[in-house]
$ cat my_file-v4.cif   # mmCIF, C-alpha atoms
data_run
#
loop_
_atom_site.group_PDB
_atom_site.id
_atom_site.type_symbol
_atom_site.label_atom_id
_atom_site.label_comp_id
_atom_site.auth_asym_id
_atom_site.auth_seq_id
_atom_site.Cartn_x
_atom_site.Cartn_y
_atom_site.Cartn_z
ATOM 1 C CA MET A 1 0.000 0.000 0.000
ATOM 2 C CA VAL A 2 2.830 2.404 0.862
ATOM 3 C CA ALA A 3 4.581 1.594 -2.411
ATOM 4 C CA GLU A 4 1.389 2.332 -4.337
ATOM 5 C CA LYS A 5 0.827 5.674 -2.617
ATOM 6 C CA LEU A 6 4.498 6.540 -3.059
ATOM 7 C CA GLN A 7 4.243 6.020 -6.804
ATOM 8 C CA GLU A 8 1.113 8.167 -6.917
ATOM 9 C CA ALA A 9 2.905 10.913 -4.972
ATOM 10 C CA LYS A 10 5.872 10.750 -7.349
ATOM 11 C CA ALA A 11 3.504 11.058 -10.291
ATOM 12 C CA VAL A 12 2.088 14.249 -8.794
ATOM 13 C CA LEU A 13 5.581 15.682 -8.259
ATOM 14 C CA GLU A 14 6.537 14.885 -11.837
ATOM 15 C CA LYS A 15 3.666 16.954 -13.183
ATOM 16 C CA THR A 16 4.678 20.269 -14.720
ATOM 17 C CA ASN A 17 2.233 22.224 -12.624
ATOM 18 C CA PRO A 18 0.403 20.109 -10.030
ATOM 19 C CA SER A 19 -2.388 21.819 -8.150
ATOM 20 C CA THR A 20 -2.240 22.475 -4.423
ATOM 21 C CA GLU A 21 -5.136 20.078 -3.972
ATOM 22 C CA GLU A 22 -3.300 17.282 -5.789
ATOM 23 C CA VAL A 23 -0.172 17.785 -3.682
ATOM 24 C CA LYS A 24 -2.119 17.869 -0.419
ATOM 25 C CA LYS A 25 -4.133 14.804 -1.398
ATOM 26 C CA ALA A 26 -0.992 12.849 -2.287
ATOM 27 C CA GLU A 27 0.712 13.945 0.928
ATOM 28 C CA LEU A 28 -2.262 12.872 3.062
ATOM 29 C CA ALA A 29 -2.553 9.527 1.268
ATOM 30 C CA LEU A 30 1.139 8.820 1.833
ATOM 31 C CA GLN A 31 0.929 9.760 5.511
ATOM 32 C CA ASN A 32 -2.098 7.497 6.012
ATOM 33 C CA ALA A 33 -0.353 4.636 4.241
ATOM 34 C CA GLN A 34 2.660 5.000 6.543
ATOM 35 C CA LYS A 35 0.438 4.941 9.611
ATOM 36 C CA ALA A 36 -1.175 1.739 8.340
ATOM 37 C CA LEU A 37 2.138 -0.112 8.220
ATOM 38 C CA VAL A 38 2.149 -3.156 10.490
ATOM 39 C CA VAL A 39 5.342 -4.010 12.357
ATOM 40 C CA ARG A 40 6.298 -7.645 11.749
ATOM 41 C CA ALA A 41 6.633 -9.848 14.821
ATOM 42 C CA SER A 42 10.198 -10.085 16.087
ATOM 43 C CA LYS A 43 11.989 -13.430 16.171
ATOM 44 C CA GLU A 44 11.996 -13.205 19.955
ATOM 45 C CA SER A 45 8.201 -12.864 20.129
ATOM 46 C CA VAL A 46 7.698 -15.756 17.718
ATOM 47 C CA ASP A 47 10.069 -17.968 19.710
ATOM 48 C CA VAL A 48 8.299 -17.200 22.991
ATOM 49 C CA LEU A 49 4.943 -17.990 21.405
ATOM 50 C CA LYS A 50 6.267 -21.301 20.084
ATOM 51 C CA ARG A 51 7.532 -22.249 23.546
ATOM 52 C CA LEU A 52 4.194 -21.414 25.126
ATOM 53 C CA VAL A 53 2.374 -23.495 22.511
ATOM 54 C CA GLU A 54 4.583 -26.473 23.329
ATOM 55 C CA ASP A 55 3.975 -25.962 27.054
ATOM 56 C CA GLY A 56 0.230 -25.767 26.479
ATOM 57 C CA LYS A 57 0.171 -28.940 24.403
ATOM 58 C CA LYS A 58 2.001 -30.862 27.126
ATOM 59 C CA MET A 59 -0.625 -29.838 29.681
ATOM 60 C CA LYS A 60 -3.675 -30.934 27.695
ATOM 61 C CA ASP A 61 -3.841 -34.570 28.775
ATOM 62 C CA ALA A 62 -3.745 -33.637 32.452
ATOM 63 C CA TYR A 63 -7.021 -31.659 32.357
ATOM 64 C CA THR A 64 -10.634 -32.132 31.338
ATOM 65 C CA GLU A 65 -11.876 -30.494 28.146
ATOM 66 C CA GLU A 66 -13.896 -27.987 30.170
ATOM 67 C CA ALA A 67 -10.970 -27.028 32.395
ATOM 68 C CA PHE A 68 -8.649 -26.728 29.426
ATOM 69 C CA LYS A 69 -10.981 -24.720 27.153
ATOM 70 C CA ASP A 70 -9.443 -21.271 27.799
ATOM 71 C CA VAL A 71 -5.958 -22.570 27.135
ATOM 72 C CA GLN A 72 -7.239 -24.387 24.046
ATOM 73 C CA THR A 73 -8.773 -21.181 22.687
ATOM 74 C CA ALA A 74 -5.486 -19.355 23.157
ATOM 75 C CA LEU A 75 -3.603 -22.301 21.657
ATOM 76 C CA ASP A 76 -5.799 -22.252 18.563
ATOM 77 C CA LEU A 77 -5.110 -18.550 18.089
ATOM 78 C CA ALA A 78 -1.385 -19.060 18.557
ATOM 79 C CA GLN A 79 -1.184 -21.993 16.170
ATOM 80 C CA GLY A 80 -3.203 -20.077 13.605
ATOM 81 C CA LEU A 81 -0.679 -17.240 13.746
ATOM 82 C CA LEU A 82 2.294 -19.575 13.533
ATOM 83 C CA THR A 83 1.086 -21.086 10.260
ATOM 84 C CA ASP A 84 2.289 -17.927 8.498
ATOM 85 C CA PRO A 85 5.168 -16.334 10.471
ATOM 86 C CA SER A 86 5.940 -13.784 7.748
ATOM 87 C CA ASN A 87 2.549 -12.143 8.276
ATOM 88 C CA MET A 88 2.604 -12.180 12.066
ATOM 89 C CA ALA A 89 2.184 -8.654 13.440
ATOM 90 C CA GLU A 90 4.180 -7.740 16.549
ATOM 91 C CA VAL A 91 1.136 -6.298 18.314
ATOM 92 C CA THR A 92 -1.053 -9.343 17.600
ATOM 93 C CA THR A 93 1.705 -11.790 18.497
ATOM 94 C CA LYS A 94 2.306 -9.985 21.758
ATOM 95 C CA GLU A 95 -1.402 -10.132 22.605
ATOM 96 C CA VAL A 96 -1.579 -13.870 21.886
ATOM 97 C CA VAL A 97 1.590 -14.502 23.910
ATOM 98 C CA LEU A 98 0.033 -12.725 26.863
ATOM 99 C CA SER A 99 -3.322 -14.427 26.360
ATOM 100 C CA LEU A 100 -1.782 -17.898 26.254
ATOM 101 C CA SER A 101 0.553 -17.168 29.143
ATOM 102 C CA THR A 102 -2.346 -15.888 31.252
ATOM 103 C CA ALA A 103 -4.530 -18.888 30.379
ATOM 104 C CA ILE A 104 -1.778 -21.321 31.306
ATOM 105 C CA ASP A 105 -1.120 -19.349 34.472
ATOM 106 C CA ALA A 106 -4.788 -19.486 35.467
ATOM 107 C CA LEU A 107 -5.043 -23.214 34.771
ATOM 108 C CA HIS A 108 -2.177 -24.010 37.031
ATOM 109 C CA LYS A 109 -2.973 -24.016 40.696
ATOM 110 C CA LEU A 110 0.262 -22.250 41.135
ATOM 111 C CA THR A 111 2.732 -23.283 43.729
ATOM 112 C CA LEU A 112 5.344 -20.726 44.717
ATOM 113 C CA GLN A 113 7.902 -22.379 42.457
ATOM 114 C CA GLU A 114 5.514 -22.488 39.497
ATOM 115 C CA ALA A 115 4.684 -18.813 39.990
ATOM 116 C CA LYS A 116 8.377 -17.973 39.927
ATOM 117 C CA GLU A 117 8.796 -19.944 36.721
ATOM 118 C CA GLN A 118 5.923 -18.040 35.117
ATOM 119 C CA LEU A 119 7.412 -14.728 36.227
ATOM 120 C CA ALA A 120 10.843 -15.776 34.971
ATOM 121 C CA GLU A 121 9.318 -16.572 31.572
ATOM 122 C CA MET A 122 7.709 -13.141 31.391
ATOM 123 C CA ILE A 123 10.952 -11.468 32.522
ATOM 124 C CA THR A 124 12.775 -13.212 29.688
ATOM 125 C CA TYR A 125 10.118 -12.098 27.237
ATOM 126 C CA ALA A 126 10.237 -8.486 28.443
ATOM 127 C CA ASP A 127 14.027 -8.540 28.179
ATOM 128 C CA THR A 128 13.874 -9.763 24.586
ATOM 129 C CA LEU A 129 11.338 -7.080 23.692
ATOM 130 C CA LEU A 130 13.595 -4.356 25.077
ATOM 131 C CA LYS A 131 16.566 -5.702 23.114
ATOM 132 C CA ALA A 132 14.685 -6.152 19.840
ATOM 133 C CA ASN A 133 15.030 -3.615 17.021
ATOM 134 C CA THR A 134 11.293 -2.958 17.126
ATOM 135 C CA ILE A 135 11.583 -1.327 20.566
ATOM 136 C CA GLU A 136 12.886 1.819 18.852
ATOM 137 C CA GLN A 137 9.478 2.192 17.252
ATOM 138 C CA MET A 138 7.716 2.369 20.626
ATOM 139 C CA THR A 139 7.014 5.523 22.627
ATOM 140 C CA ALA A 140 9.587 6.508 25.247
ATOM 141 C CA GLU A 141 6.925 6.528 27.971
ATOM 142 C CA SER A 142 5.751 2.971 27.317
ATOM 143 C CA VAL A 143 9.330 1.699 27.092
ATOM 144 C CA GLN A 144 10.169 3.400 30.387
ATOM 145 C CA ALA A 145 7.119 1.796 32.011
ATOM 146 C CA LEU A 146 8.241 -1.638 30.830
ATOM 147 C CA GLN A 147 11.787 -1.060 32.062
ATOM 148 C CA THR A 148 10.458 -0.065 35.489
ATOM 149 C CA ALA A 149 8.159 -3.096 35.700
ATOM 150 C CA LEU A 150 10.970 -5.380 34.551
ATOM 151 C CA LYS A 151 13.348 -4.010 37.166
ATOM 152 C CA GLN A 152 10.735 -4.604 39.869
ATOM 153 C CA ALA A 153 10.088 -8.127 38.594
ATOM 154 C CA LYS A 154 13.779 -8.996 38.710
ATOM 155 C CA GLU A 155 13.996 -7.724 42.277
ATOM 156 C CA VAL A 156 10.987 -9.810 43.328
ATOM 157 C CA ILE A 157 12.180 -13.012 41.690
ATOM 158 C CA ALA A 158 15.591 -12.573 43.308
ATOM 159 C CA ASN A 159 13.960 -12.216 46.718
ATOM 160 C CA GLU A 160 13.817 -15.665 48.328
ATOM 161 C CA LYS A 161 11.246 -14.393 50.827
ATOM 162 C CA ALA A 162 8.816 -13.108 48.185
ATOM 163 C CA SER A 163 5.296 -14.433 48.739
ATOM 164 C CA LEU A 164 3.108 -16.122 46.143
ATOM 165 C CA GLU A 165 0.863 -13.053 46.095
ATOM 166 C CA GLN A 166 3.823 -10.725 45.507
ATOM 167 C CA ILE A 167 5.022 -12.840 42.616
ATOM 168 C CA LYS A 168 1.578 -13.043 41.011
ATOM 169 C CA THR A 169 1.028 -9.292 41.411
ATOM 170 C CA THR A 170 4.428 -8.557 39.915
ATOM 171 C CA HIS A 171 3.653 -10.894 37.029
ATOM 172 C CA THR A 172 0.425 -8.999 36.342
ATOM 173 C CA ILE A 173 2.204 -5.628 36.437
ATOM 174 C CA LEU A 174 4.832 -6.868 33.998
ATOM 175 C CA VAL A 175 2.192 -8.319 31.676
ATOM 176 C CA ASN A 176 0.347 -4.994 31.658
ATOM 177 C CA ALA A 177 3.581 -3.124 30.919
ATOM 178 C CA VAL A 178 4.209 -5.375 27.927
ATOM 179 C CA LYS A 179 0.638 -4.792 26.773
ATOM 180 C CA GLY A 180 1.181 -1.069 27.230
ATOM 181 C CA LEU A 181 3.974 -0.784 24.668
ATOM 182 C CA LYS A 182 2.738 1.730 22.106
ATOM 183 C CA PRO A 183 4.161 2.413 18.632
ATOM 184 C CA GLN A 184 5.321 5.939 17.917
ATOM 185 C CA GLU A 185 3.268 7.952 15.480
ATOM 186 C CA SER A 186 5.092 8.519 12.222
ATOM 187 C CA VAL A 187 5.947 12.196 11.673
ATOM 188 C CA THR A 188 6.450 13.242 8.075
ATOM 189 C CA PRO A 189 8.452 16.448 7.549
ATOM 190 C CA ASP A 190 6.925 19.241 5.465
ATOM 191 C CA THR A 191 8.488 19.154 1.996
ATOM 192 C CA THR A 192 6.459 22.002 0.510
ATOM 193 C CA ALA A 193 9.348 24.483 0.540
ATOM 194 C CA LEU A 194 11.712 21.947 -0.995
ATOM 195 C CA GLN A 195 9.249 21.147 -3.764
ATOM 196 C CA THR A 196 8.901 24.867 -4.520
ATOM 197 C CA LEU A 197 12.672 25.312 -4.648
ATOM 198 C CA ILE A 198 13.020 22.393 -7.026
ATOM 199 C CA LYS A 199 10.464 23.948 -9.364
ATOM 200 C CA GLU A 200 12.305 27.283 -9.295
ATOM 201 C CA VAL A 201 15.700 25.729 -9.912
ATOM 202 C CA LYS A 202 14.338 23.799 -12.882
ATOM 203 C CA LYS A 203 13.596 27.151 -14.532
ATOM 204 C CA VAL A 204 17.271 28.154 -14.566
ATOM 205 C CA THR A 205 18.605 28.428 -18.133
ATOM 206 C CA ALA A 206 21.807 26.470 -18.630
ATOM 207 C CA ASP A 207 23.027 28.651 -21.515
ATOM 208 C CA LEU A 208 23.515 31.651 -19.230
ATOM 209 C CA TYR A 209 26.082 30.012 -16.957
ATOM 210 C CA THR A 210 29.346 28.132 -17.235
ATOM 211 C CA VAL A 211 29.111 24.380 -17.639
ATOM 212 C CA GLN A 212 30.922 23.747 -14.360
ATOM 213 C CA SER A 213 28.682 25.967 -12.246
ATOM 214 C CA TYR A 214 25.513 24.643 -13.875
ATOM 215 C CA GLU A 215 26.622 21.039 -13.319
ATOM 216 C CA ALA A 216 27.091 21.825 -9.629
ATOM 217 C CA LEU A 217 23.526 23.099 -9.522
ATOM 218 C CA SER A 218 22.258 20.016 -11.351
ATOM 219 C CA LYS A 219 23.955 17.784 -8.792
ATOM 220 C CA LYS A 220 22.227 19.581 -5.918
ATOM 221 C CA LEU A 221 18.936 19.392 -7.777
ATOM 222 C CA GLN A 222 19.252 15.628 -8.227
ATOM 223 C CA ASP A 223 20.164 15.212 -4.555
ATOM 224 C CA ALA A 224 17.064 17.176 -3.536
ATOM 225 C CA LYS A 225 14.849 15.064 -5.790
ATOM 226 C CA ALA A 226 16.321 11.918 -4.239
ATOM 227 C CA ILE A 227 15.306 13.149 -0.786
ATOM 228 C CA LEU A 228 11.722 13.685 -1.944
ATOM 229 C CA GLU A 229 11.623 10.193 -3.419
ATOM 230 C CA LYS A 230 12.573 8.563 -0.112
ATOM 231 C CA THR A 231 9.745 6.752 1.656
ATOM 232 C CA ASN A 232 10.359 8.530 4.943
ATOM 233 C CA PRO A 233 12.961 11.317 4.740
ATOM 234 C CA SER A 234 14.051 12.890 7.996
ATOM 235 C CA ALA A 235 13.454 16.553 8.794
ATOM 236 C CA ASP A 236 17.233 17.091 8.784
ATOM 237 C CA GLU A 237 17.561 15.653 5.283
ATOM 238 C CA VAL A 238 14.797 17.901 3.969
ATOM 239 C CA SER A 239 16.276 21.001 5.642
ATOM 240 C CA LYS A 240 19.758 20.253 4.321
ATOM 241 C CA ALA A 241 18.445 19.809 0.778
ATOM 242 C CA GLU A 242 16.594 23.134 1.045
ATOM 243 C CA LEU A 243 19.743 24.961 2.198
ATOM 244 C CA GLU A 244 21.813 23.427 -0.589
ATOM 245 C CA LEU A 245 19.378 24.591 -3.251
ATOM 246 C CA GLN A 246 18.980 28.021 -1.681
ATOM 247 C CA SER A 247 22.743 28.561 -1.693
ATOM 248 C CA ALA A 248 23.242 27.222 -5.217
ATOM 249 C CA PRO A 249 22.691 30.563 -7.052
ATOM 250 C CA ASN A 250 25.582 32.100 -5.102
ATOM 251 C CA ALA A 251 27.961 29.790 -6.936
ATOM 252 C CA PHE A 252 26.722 30.628 -10.415
ATOM 253 C CA VAL A 253 29.300 31.907 -12.891
ATOM 254 C CA VAL A 254 27.835 33.838 -15.817
ATOM 255 C CA ARG A 255 29.041 32.515 -19.161
ATOM 256 C CA ALA A 256 30.878 34.979 -21.409
ATOM 257 C CA SER A 257 28.666 36.499 -24.080
ATOM 258 C CA LYS A 258 29.300 35.898 -27.761
ATOM 259 C CA GLU A 259 30.260 39.545 -28.141
ATOM 260 C CA SER A 260 32.897 39.315 -25.425
ATOM 261 C CA VAL A 261 34.338 36.154 -26.922
ATOM 262 C CA LYS A 262 34.424 37.775 -30.371
ATOM 263 C CA ILE A 263 36.282 40.836 -29.073
ATOM 264 C CA LEU A 264 38.789 38.627 -27.268
ATOM 265 C CA LYS A 265 39.432 36.599 -30.408
ATOM 266 C CA THR A 266 39.974 39.784 -32.397
ATOM 267 C CA LEU A 267 42.481 41.070 -29.879
ATOM 268 C CA VAL A 268 44.337 37.766 -29.893
ATOM 269 C CA GLU A 269 44.520 37.742 -33.678
ATOM 270 C CA GLU A 270 45.833 41.331 -33.760
ATOM 271 C CA ASP A 271 48.673 40.346 -31.484
#

$ encode --input "my_file-v4.cif" --output "C-alpha cells"
Amino acid sequence: MVAEKLQEAKAVLEKTNPSTEEVKKAELALQNAQKALVVRASKESVDVLKRLVEDGKKMKDAYTEEAFKDVQTALDLAQGLLTDPSNMAEVTTKEVVLSLSTAIDALHKLTLQEAKEQLAEMITYADTLLKANTIEQMTAESVQALQTALKQAKEVIANEKASLEQIKTTHTILVNAVKGLKPQESVTPDTTALQTLIKEVKKVTADLYTVQSYEALSKKLQDAKAILEKTNPSADEVSKAELELQSAPNAFVVRASKESVKILKTLVEED
C-alpha cells in the first residue's frame, strides 16, 4: 500500500504544474499509508509464542476439556498465527503470547515455584522485547514503564522471601507493561518548501552560466529530488536539501557572451 501511494505521490511531483489540492491529497494519502504499516513480529516474540504453545500442548492430557478450554482457545489462536510467520504482526503476536501465558497461568494451581517460573518466563520475554530492534518504534513513555516493571520483577524473583501473592502481582504488572507498549506515530516532515525550490531551480537556463557551475547546480537538484523520493525522509535531510538549493545561485558563474568572446578573439589575432 505504501509503495502504491508513493508512486502516486511521485507522479504528482513529476507533473509540470500540479495543483495544491493534488499535492495535499498525495501527501495525506502517503501519511495514512505510513500509519497503516504493520510491524512484523520479532523473532523473539515468535520464539516465545512457540515455547508457550509447546507448554500448552504438554498440559492438555492432564485436564478435562472444560478445564482446558481457555488454554485451548489461546492455543488455537497461537497456532493459527504460527502457520504464516511472515505475516505475524508484533502487536497481535504480543497479545496472543500474553493471552496464552495468562490462560496457562490461570489453569495451574500455582505453587510458589511455578509462579516464579511463570514470572521468569515473562521477565525473559520483556528482556527480549527491550533488546529487539522494534523497541525503537515504541514511545519513550511505554518503554520506560516496561523497564520499570521489569526491574521490579527482577527484584521480586531474586527475593527468596517473596510471597506467592507478591510474585503473582508482579507478574500482572509486567504483563500490563508489555501490553502497554505503544508504537510511535510517524511524523512526516513538510516538503512544501523543498518542492517549490526544485520547481524554481528547474527554470534556470543552462546557456547563461558556465558548464561547471551549472553542473554543480544540477547535482544539488538531483540530490534534492532523491530526498523527496525517499519513503520517509528525515526533517534534517529535507532542511539540508533546502539549504543546498537556496545557496546554489551564489555559486553561479555567468558565461561569457558571444560579443565578449568575439572581441577577445579579435584582440588575440591582432597580437

$ atom_distance --input "my_file-v4.cif" --atom1 "CA of Leu146 in chain A" --atom2 "CA of Glu114 in chain A"
22.7 Å

$ resolve_selection --input "my_file-v4.cif" --expression "the PyMOL selection byres ((chain A and resi 235-247) around 8)" --output "PyMOL selection string"
chain A and resi 188-191+193-194+197-198+201+217+220-221+223-224+227-228+233-234+248-251

$ resolve_selection --input "my_file-v4.cif" --expression "the PyMOL selection byres ((chain A and resi 139) around 8)" --output "PyMOL selection string"
chain A and resi 136-138+140-143+181-184

$ closest_residue --input "my_file-v4.cif" --among "A:Lys94, A:Lys225, A:Lys116, A:Lys219" --to "Asn176 in chain A" --atoms "only C-alpha atoms"
A:Lys94

$ closest_residue --input "my_file-v4.cif" --among "A:Lys57, A:Asn232, A:Arg40, A:Lys69" --to "Met88 in chain A" --atoms "only C-alpha atoms"
A:Arg40

$ atom_distance --input "my_file-v4.cif" --atom1 "CA of Asn159 in chain A" --atom2 "CA of Ala145 in chain A"
21.4 Å

$ resolve_selection --input "my_file-v4.cif" --expression "the PyMOL selection byres ((chain A and resi 71) around 8)" --output "tab-separated table (two decimals) with C-alpha atoms, in the frame of the given file"
chain	number	residue	atom	x	y	z
A	56	GLY	CA	0.23	-25.77	26.48
A	68	PHE	CA	-8.65	-26.73	29.43
A	69	LYS	CA	-10.98	-24.72	27.15
A	70	ASP	CA	-9.44	-21.27	27.80
A	72	GLN	CA	-7.24	-24.39	24.05
A	73	THR	CA	-8.77	-21.18	22.69
A	74	ALA	CA	-5.49	-19.36	23.16
A	75	LEU	CA	-3.60	-22.30	21.66
A	100	LEU	CA	-1.78	-17.90	26.25
A	103	ALA	CA	-4.53	-18.89	30.38
A	104	ILE	CA	-1.78	-21.32	31.31
A	107	LEU	CA	-5.04	-23.21	34.77

$ atom_distance --input "my_file-v4.cif" --atom1 "CA of Ala126 in chain A" --atom2 "CA of Asp61 in chain A"
29.6 Å

$ closest_residue --input "my_file-v4.cif" --among "A:Glu121, A:Glu165, A:Glu65, A:Asp127" --to "Lys151 in chain A" --atoms "all atoms listed in the file"
A:Asp127

$ axis_aligned_box --input "my_file-v4.cif" --around "range 167-170 of chain A" --padding-each-side "8 Å" --output "AutoDock Vina command-line options"
--center_x 3.0 --center_y -10.8 --center_z 41.3 --size_x 20.0 --size_y 20.5 --size_z 18.7

$ closest_residue --input "my_file-v4.cif" --among "A:Glu21, A:Glu14, A:Glu155, A:Asp47" --to "Ile123 in chain A" --atoms "all atoms listed in the file"
A:Glu155

$ closest_residue --input "my_file-v4.cif" --among "A:Thr172, A:Thr196, A:Thr92, A:Ser86" --to "Met122 in chain A" --atoms "only C-alpha atoms"
A:Thr172

$ closest_residue --input "my_file-v4.cif" --among "A:Thr192, A:Glu117, A:Ile135, A:Lys10" --to "Ala158 in chain A" --atoms "only C-alpha atoms"
A:Glu117
